[in-house]
Structure formats: C-alpha cells, structure tokens
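Coordinates as given in model.txt (compact mmCIF, C-alpha atoms):
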# COMPACT_ATOMS: atom_id res chain seq x y z
CA HIS A 26 -4.65 8.33 86.40
CA GLN A 27 -5.45 5.85 83.76
CA ASN A 28 -2.82 3.36 82.84
CA CYS A 29 -1.60 4.11 79.31
CA ARG A 30 -0.34 1.14 77.44
CA ARG A 31 1.96 1.85 74.55
CA ASN A 32 1.79 -0.52 71.61
CA TYR A 33 4.83 -0.99 69.39
CA ALA A 34 4.72 -2.14 65.79
CA ALA A 35 6.23 -5.51 65.15
CA VAL A 36 7.97 -6.44 61.96
CA ASN A 37 5.99 -8.89 59.91
CA HIS A 38 8.43 -11.00 57.98
CA HIS A 39 5.63 -12.35 55.82
CA SER A 40 4.31 -8.95 54.70
CA ARG A 41 6.39 -9.14 51.54
CA ALA A 42 5.69 -12.74 50.76
CA GLY A 43 5.30 -11.84 47.12
CA HIS A 44 9.02 -10.90 46.94
CA ASN A 45 11.61 -13.64 47.01
CA ASP A 46 14.60 -13.66 49.32
CA PRO A 47 17.33 -11.59 47.60
CA SER A 48 19.92 -14.21 48.48
CA GLU A 49 18.08 -16.81 46.42
CA TRP A 50 19.64 -17.17 42.99
CA PRO A 51 18.02 -19.00 40.05
CA LYS A 52 19.03 -22.62 39.72
CA LYS A 53 19.28 -22.46 35.92
CA PRO A 54 22.78 -22.39 34.45
CA ASN A 55 21.76 -19.53 32.13
CA PRO A 56 19.02 -17.57 33.89
CA THR A 57 16.87 -15.09 32.03
CA PRO A 58 16.39 -11.51 33.24
CA TYR A 59 12.93 -12.55 34.45
CA ASP A 60 14.49 -15.35 36.50
CA ILE A 61 17.07 -13.03 38.06
CA LEU A 62 14.53 -10.38 39.06
CA SER A 63 11.82 -12.94 39.94
CA MET A 64 9.29 -11.53 37.48
CA ARG A 65 6.64 -12.92 35.18
CA ARG A 66 6.69 -11.90 31.53
CA ASP A 67 3.33 -10.14 31.79
CA GLU A 68 4.21 -8.37 35.04
CA PRO A 69 4.93 -4.61 35.14
CA TYR A 70 8.51 -3.84 36.00
CA THR A 71 9.41 -2.61 39.48
CA LYS A 72 12.86 -1.98 40.94
CA HIS A 73 12.20 -3.48 44.37
CA ARG A 74 13.94 -6.78 43.64
CA PHE A 75 16.73 -4.96 41.77
CA TYR A 76 17.46 -2.65 44.73
CA ASN A 77 17.61 -5.58 47.14
CA LEU A 78 19.98 -7.52 44.90
CA VAL A 79 22.24 -4.49 44.37
CA LYS A 80 22.52 -3.92 48.11
CA LEU A 81 23.39 -7.58 48.50
CA TYR A 82 25.90 -8.03 45.65
CA HIS A 83 27.40 -4.55 45.21
CA PRO A 84 31.20 -4.91 44.91
CA ASP A 85 31.86 -1.82 47.08
CA ARG A 86 30.40 -3.46 50.17
CA HIS A 87 33.04 -4.10 52.82
CA SER A 88 31.27 -7.21 54.04
CA HIS A 89 28.60 -9.39 52.56
CA SER A 90 25.80 -11.24 54.26
CA ALA A 91 26.30 -14.79 55.37
CA ALA A 92 24.03 -16.02 52.59
CA ILE A 93 26.58 -15.10 49.88
CA HIS A 94 29.79 -14.67 51.89
CA HIS A 95 30.91 -18.16 50.95
CA LEU A 96 30.73 -17.38 47.19
CA PRO A 97 33.96 -16.53 45.37
CA LYS A 98 34.48 -12.89 44.50
CA ALA A 99 34.36 -13.66 40.78
CA THR A 100 30.93 -15.29 41.18
CA ARG A 101 29.58 -12.30 43.13
CA LEU A 102 30.87 -9.90 40.48
CA GLU A 103 29.36 -11.96 37.67
CA ARG A 104 25.99 -12.05 39.44
CA TYR A 105 26.16 -8.30 40.00
CA ARG A 106 26.82 -7.81 36.29
CA LEU A 107 23.81 -9.95 35.38
CA ILE A 108 21.62 -8.05 37.86
CA VAL A 109 22.55 -4.71 36.28
CA ALA A 110 22.09 -6.13 32.76
CA ALA A 111 18.66 -7.55 33.65
CA ASN A 112 17.56 -4.20 35.07
CA ASP A 113 18.88 -2.36 32.02
CA LEU A 114 16.88 -4.63 29.69
CA LEU A 115 13.58 -4.91 31.55
CA SER A 116 13.41 -1.25 32.60
CA ASP A 117 13.57 -0.12 28.97
CA PRO A 118 10.23 -0.83 27.20
CA GLU A 119 11.84 -0.97 23.75
CA LYS A 120 14.61 -3.37 24.81
CA ARG A 121 12.09 -5.50 26.67
CA ARG A 122 9.85 -5.65 23.58
CA LEU A 123 12.78 -6.74 21.41
CA TYR A 124 13.72 -9.42 23.93
CA ASP A 125 10.15 -10.72 24.32
CA THR A 126 9.49 -10.70 20.57
CA HIS A 127 12.82 -11.72 19.06
CA GLY A 128 14.84 -13.01 22.00
CA ILE A 129 17.65 -10.53 21.43
CA GLY A 130 19.47 -8.24 23.82
CA TRP A 131 20.29 -10.87 26.46
CA THR A 132 23.06 -13.45 26.46
CA GLY A 133 23.17 -14.37 30.14
CA ASP A 134 26.59 -15.38 31.32
CA ARG A 135 27.97 -16.16 27.87
CA ALA A 136 29.33 -13.94 25.13
CA PRO A 137 26.88 -13.13 22.32
CA THR A 138 27.33 -15.04 19.09
CA PRO A 139 28.05 -13.10 15.86
CA ASN A 140 24.53 -13.90 14.66
CA GLU A 141 22.94 -12.53 17.84
CA SER A 142 25.06 -9.40 17.70
CA ALA A 143 24.13 -8.84 14.06
CA ARG A 144 20.42 -9.36 14.75
CA TYR A 145 20.49 -6.98 17.69
CA ALA A 146 22.37 -4.33 15.71
CA GLU A 147 19.94 -4.67 12.80
CA HIS A 148 16.86 -4.27 15.01
CA VAL A 149 18.38 -1.30 16.82
CA TRP A 150 19.24 0.27 13.47
CA ARG A 151 15.77 -0.31 12.01
CA ASP A 152 14.00 1.06 15.10
CA GLN A 153 15.77 4.40 14.96
CA PRO A 154 13.42 7.30 14.09
CA GLY A 155 13.80 8.61 10.56
CA ASN A 156 15.51 5.46 9.37
CA ALA A 157 15.56 4.88 5.61
CA SER A 158 14.32 1.30 6.02
CA ARG A 159 10.93 2.60 7.19
CA ASN A 160 10.27 3.96 3.69
CA ALA A 161 12.97 2.33 1.61
CA THR A 162 12.43 3.74 -1.86
CA TRP A 163 15.37 4.17 -4.20
CA GLU A 164 15.59 7.88 -3.38
CA ASP A 165 15.53 7.16 0.39
CA TRP A 166 18.47 4.78 0.11
CA GLU A 167 20.42 7.22 -2.05
CA ARG A 168 19.95 9.99 0.54
CA TRP A 169 20.89 7.58 3.35
CA TYR A 170 24.11 6.51 1.60
CA ASP A 171 25.01 10.12 0.83
CA ALA A 172 24.47 11.12 4.47
CA ARG A 173 26.50 8.13 5.67
CA ASP A 174 29.38 8.83 3.28
CA GLY A 175 29.31 12.57 3.97
CA LYS A 176 28.35 13.55 0.43
CA PRO A 177 26.57 16.89 0.15
CA ALA A 178 23.10 16.78 -1.31
CA GLU A 179 23.26 18.21 -4.83
CA SER A 180 20.07 19.40 -6.51
CA LEU A 181 19.66 18.82 -10.22
CA TYR A 182 18.25 21.75 -12.20
CA MET A 183 16.93 21.91 -15.79
CA SER A 184 17.40 24.91 -18.02
CA ASN A 185 14.37 26.74 -19.41
CA GLY A 186 15.31 25.81 -22.96
CA VAL A 187 15.47 22.10 -22.20
CA PHE A 188 12.16 22.26 -20.31
CA ALA A 189 10.47 24.09 -23.19
CA THR A 190 11.83 21.55 -25.68
CA LEU A 191 10.45 18.67 -23.61
CA VAL A 192 7.03 20.35 -23.39
CA VAL A 193 6.91 20.92 -27.16
CA MET A 194 7.94 17.32 -27.85
CA MET A 195 5.26 16.00 -25.53
CA CYS A 196 2.64 18.22 -27.24
CA MET A 197 3.72 17.00 -30.68
CA ILE A 198 3.56 13.37 -29.61
CA GLY A 199 0.08 13.95 -28.19
CA ALA A 200 -1.05 15.72 -31.40
CA PHE A 201 0.22 12.87 -33.60
CA ALA A 202 -1.55 10.35 -31.37
CA GLN A 203 -4.83 12.30 -31.62
CA MET A 204 -4.50 12.61 -35.42
CA SER A 205 -3.92 8.89 -35.78
CA ARG A 206 -6.89 8.15 -33.56
CA ALA A 207 -9.14 10.57 -35.48
CA GLU A 208 -8.03 9.10 -38.81
CA GLN A 209 -8.77 5.58 -37.64
CA SER A 210 -12.18 6.65 -36.32
CA GLY A 211 -13.00 8.34 -39.67
CA ILE A 212 -12.09 5.22 -41.64
CA GLU A 213 -14.26 3.05 -39.41
CA TYR A 214 -17.18 5.51 -39.79
CA MET A 215 -16.90 5.57 -43.57
CA GLU A 216 -16.81 1.78 -43.74
CA SER A 217 -19.87 1.53 -41.50
CA THR A 218 -21.77 4.09 -43.62
CA SER A 219 -20.83 2.26 -46.82
CA ARG A 220 -22.07 -1.05 -45.45
CA SER A 221 -25.33 0.54 -44.36
CA ASN A 222 -25.91 2.19 -47.76
CA MET A 223 -25.15 -1.07 -49.52
CA ALA A 224 -27.67 -2.95 -47.40
CA ILE A 225 -30.33 -0.30 -48.10
CA GLY A 226 -29.67 -0.45 -51.85
CA GLN A 227 -29.88 -4.25 -51.88
CA GLN A 228 -33.18 -4.14 -50.03
CA MET A 229 -34.61 -1.56 -52.47
CA GLU A 230 -33.47 -3.67 -55.40
CA ARG A 231 -35.21 -6.73 -53.99
CA ASN A 232 -38.40 -4.74 -53.43
CA THR A 233 -38.30 -3.42 -56.99
CA LEU A 234 -37.93 -6.92 -58.43
CA VAL A 235 -40.80 -8.21 -56.32
CA ALA A 236 -43.09 -5.35 -57.32
CA ALA A 237 -42.28 -5.61 -61.02
CA GLY A 238 -44.75 -8.47 -61.65
CA ARG A 239 -47.66 -6.97 -59.70
CA SER A 240 -50.52 -4.75 -60.80
CA LYS A 241 -50.96 -1.17 -59.74
CA ASP A 242 -53.47 -2.05 -57.00
CA GLU A 243 -51.21 -4.80 -55.66
CA ARG A 244 -48.26 -2.45 -55.57
CA VAL A 245 -50.31 0.18 -53.67
CA ASP A 246 -51.60 -2.43 -51.24
CA ASN A 247 -48.05 -3.76 -50.70
CA PHE A 248 -46.73 -0.21 -50.15
CA LEU A 249 -49.35 0.44 -47.50
CA ARG A 250 -48.54 -2.84 -45.75
CA GLU A 251 -44.81 -2.13 -45.84
CA ARG A 252 -45.30 1.39 -44.45
CA GLU A 253 -47.35 0.15 -41.48
CA ASN A 254 -44.89 -2.64 -40.72
CA VAL A 255 -41.93 -0.25 -40.74
CA LEU A 256 -43.84 2.23 -38.54
CA TYR A 257 -44.42 -0.41 -35.88
CA ALA A 258 -40.88 -1.82 -36.12
CA PHE A 259 -41.99 -5.06 -37.77
CA THR A 260 -39.98 -6.92 -40.36
CA PRO A 261 -41.15 -6.06 -43.91
CA SER A 262 -43.48 -8.55 -45.58
CA THR A 263 -44.53 -10.05 -42.25
CA TYR A 264 -48.19 -10.20 -43.25
CA ASP A 265 -47.67 -11.14 -46.91
Could I get this file's structure written as structure tokens?
Amino acid sequence: HQNCRRNYAAVNHHSRAGHNDPSEWPKKPNPTPYDILSMRRDEPYTKHRFYNLVKLYHPDRHSHSAAIHHLPKATRLERYRLIVAANDLLSDPEKRRLYDTHGIGWTGDRAPTPNESARYAEHVWRDQPGNASRNATWEDWERWYDARDGKPAESLYMSNGVFATLVVMMCMIGAFAQMSRAEQSGIEYMESTSRSNMAIGQQMERNTLVAAGRSKDERVDNFLRERENVLYAFTPSTYD
C-alpha cells in the first residue's frame, strides 16, 4: 500500500491584502464615504468592505470584537450609521455622480446646512424624468404649476365665426400690403421710364444741333459712323 498524504488548505491572511482591516476607522474627524469604505474615487463599487463593517458594527450583535469593544455604544452606533449612509450613496450611480460633481448628498457626522439641503433638493428635483426644468418654456411652467396645484387642464377653443373673421382680416391685410407694394413699384417704374425718355430726347436734340451746320454728305457720313459705333457698343462720336 502506498502511503497517502493528505494536504490541508491553510488560511492565507495576506490573500486579501487589498482590503483593509474592518476594525480600522479613518483618522479624519469628518471622513468621506470613500474613506469609510476604503475606496478610490475612480474605483468601481463593491460591497465587500461594507459587509465586513456591518458584521463588525451592527447594533444587534450581542458581543463585539476586541478591536471595537472599548468604544462607547454611541460611537459604535454613529459609525454604523455612517457605514450605511456611505453604502447608500456610493451604491447608487446617480447619488454618487451628484456627490462627485457637486459635493452634495453627504454631510458626514454633522447635520446638513440649509444651503446643502436646498442644493440637494434642487438637484434631485431637476434630475427627475419629465421635469419642467428640462424644457422650461412658458407653457411647460404653466402646466407644471397647474399639476402641482391640482388645477385641471382646460383647453381653449375658438368658434368657427371668430376663426373665419381672423382669416378674412389676415387676407385683407395681406391684400392691402400687396397693393401698396405694387403701387410703389409702378411709381418707381414710371419715374425710371421718364428719366430714360428724357435722356434719349436730350441726346437727339444735341445730335440735331450738331448736324444742323453740316452738309448732306457730312450728315450721311456722320450717320454711318454713329450707326457703327452704336452697333459695337462704342460711345457715339468716338472717331469724330
């Protein structure tokens, strides 16, 4: 028979070196939830430290370990309250975000100030789904106040006669605006045509006066020159 040697597992007290001793309490007078649960701010939340602290400080325990047995009962209860509060804050992603971003939701072992309470209530109110502050137009606020005060939503209706009257008035206003615009455009066109005709008449008068002292052959030669210049978009009398 071969000798069988049974090996037993031994407890390695250093296997959880990453977790602090539950009996160790932060030295700060006002510890943060990260201090109480021995966490870094960028570390994912786990309940391992919380479970160990609850087993150590739970008020229903008949006897406590020697590490905290010397503490007064009031101190143990206060620490237990802080442990539960820290777990409640860090285990909720929304509460943890508000604490990391705005520093609200945690007062440690002191009562919250009125300013902190107001800030926390405001952020909780604004983060509620469907809140009027997310799209705070005048109509949104009116609906929010009506819902808060218990007023029933009353729809406003317009009679057919009133609607028809409004449509006719809008059509008349538009027609008057178009008539005024057309009249103004007609006046501007007439003035432009009159100025153009006047310029043409003045030019013809000048040409007549110039040609009055010339012979027939000179007038024909000048006419031919003027016709070619105008055809090629030159200024009259360019080659005279």
Kindly give the distance, in Å, that separates CA of Lys72 in chain A and CA of Ser116 in chain A, rounded to a single decimal. 8.4 Å
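Interatomic distance, CA of Thr100 in chain A to CA of Arg74 in chain A: 19.2 Å.
Counting from CA of Ala111 in chain A, the distance to CA of Asp67 in chain A is 15.7 Å.
All polymer residues at most 10 Å from (22.4, -17.1, 35.3), using all atoms listed in the file, appear as Trp50, Pro51, Lys52, Lys53, Pro54, Asn55, Pro56, Thr57, Pro58, Asp60, Ile61, Glu103, Arg104, Leu107, Ile108, Thr132, Gly133, Asp134 and Arg135 of chain A.
If all atoms listed in the file are the atoms counted, then among A:Leu102, A:Gly199, A:Pro139, A:Arg65 the closest residue to Leu78 in chain A is A:Leu102.
You can rank A:Ser205, A:Ser217, A:Asn185, A:Asn112 by their closest distance to Met64 in chain A using only C-alpha atoms, and at the top of that list sits A:Asn112.
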Kindly indicate which residue among A:Arg121, A:Val109, A:Leu115, A:Ser240 lies nearest to His83 in chain A, using only C-alpha atoms for the distances. A:Val109
My structure is short of atoms at range 121-132 of chain A; please model N, CA, C and O atoms there, returning them as a PDB file, in the coordinates of the input.
ATOM      1  N   ARG A 121      12.899  -4.375  26.193  1.00  0.00           N
ATOM      2  CA  ARG A 121      12.090  -5.500  26.670  1.00  0.00           C
ATOM      3  C   ARG A 121      11.223  -6.056  25.560  1.00  0.00           C
ATOM      4  O   ARG A 121      11.051  -7.282  25.427  1.00  0.00           O
ATOM      5  N   ARG A 122      10.660  -5.183  24.697  1.00  0.00           N
ATOM      6  CA  ARG A 122       9.850  -5.650  23.580  1.00  0.00           C
ATOM      7  C   ARG A 122      10.687  -6.469  22.601  1.00  0.00           C
ATOM      8  O   ARG A 122      10.253  -7.522  22.112  1.00  0.00           O
ATOM      9  N   LEU A 123      11.911  -5.994  22.313  1.00  0.00           N
ATOM     10  CA  LEU A 123      12.780  -6.740  21.410  1.00  0.00           C
ATOM     11  C   LEU A 123      13.150  -8.102  21.997  1.00  0.00           C
ATOM     12  O   LEU A 123      13.201  -9.102  21.274  1.00  0.00           O
ATOM     13  N   TYR A 124      13.374  -8.143  23.300  1.00  0.00           N
ATOM     14  CA  TYR A 124      13.720  -9.420  23.930  1.00  0.00           C
ATOM     15  C   TYR A 124      12.525 -10.369  23.928  1.00  0.00           C
ATOM     16  O   TYR A 124      12.665 -11.555  23.599  1.00  0.00           O
ATOM     17  N   ASP A 125      11.338  -9.860  24.284  1.00  0.00           N
ATOM     18  CA  ASP A 125      10.150 -10.720  24.320  1.00  0.00           C
ATOM     19  C   ASP A 125       9.752 -11.197  22.933  1.00  0.00           C
ATOM     20  O   ASP A 125       9.274 -12.328  22.770  1.00  0.00           O
ATOM     21  N   THR A 126       9.941 -10.349  21.923  1.00  0.00           N
ATOM     22  CA  THR A 126       9.490 -10.700  20.570  1.00  0.00           C
ATOM     23  C   THR A 126      10.523 -11.514  19.807  1.00  0.00           C
ATOM     24  O   THR A 126      10.183 -12.511  19.175  1.00  0.00           O
ATOM     25  N   HIS A 127      11.797 -11.093  19.883  1.00  0.00           N
ATOM     26  CA  HIS A 127      12.820 -11.720  19.060  1.00  0.00           C
ATOM     27  C   HIS A 127      13.886 -12.460  19.870  1.00  0.00           C
ATOM     28  O   HIS A 127      14.750 -13.112  19.283  1.00  0.00           O
ATOM     29  N   GLY A 128      13.851 -12.331  21.181  1.00  0.00           N
ATOM     30  CA  GLY A 128      14.840 -13.010  22.000  1.00  0.00           C
ATOM     31  C   GLY A 128      16.227 -12.428  21.900  1.00  0.00           C
ATOM     32  O   GLY A 128      17.216 -13.153  22.114  1.00  0.00           O
ATOM     33  N   ILE A 129      16.344 -11.148  21.591  1.00  0.00           N
ATOM     34  CA  ILE A 129      17.650 -10.530  21.430  1.00  0.00           C
ATOM     35  C   ILE A 129      17.872  -9.525  22.547  1.00  0.00           C
ATOM     36  O   ILE A 129      16.931  -9.041  23.184  1.00  0.00           O
ATOM     37  N   GLY A 130      19.132  -9.200  22.792  1.00  0.00           N
ATOM     38  CA  GLY A 130      19.470  -8.240  23.820  1.00  0.00           C
ATOM     39  C   GLY A 130      19.942  -8.858  25.119  1.00  0.00           C
ATOM     40  O   GLY A 130      20.339  -8.153  26.039  1.00  0.00           O
ATOM     41  N   TRP A 131      19.892 -10.199  25.214  1.00  0.00           N
ATOM     42  CA  TRP A 131      20.290 -10.870  26.460  1.00  0.00           C
ATOM     43  C   TRP A 131      21.052 -12.130  26.115  1.00  0.00           C
ATOM     44  O   TRP A 131      20.584 -12.977  25.353  1.00  0.00           O
ATOM     45  N   THR A 132      22.239 -12.259  26.693  1.00  0.00           N
ATOM     46  CA  THR A 132      23.060 -13.450  26.460  1.00  0.00           C
ATOM     47  C   THR A 132      23.389 -14.182  27.746  1.00  0.00           C
ATOM     48  O   THR A 132      24.103 -15.177  27.717  1.00  0.00           O
TER      49      THR A 132
END
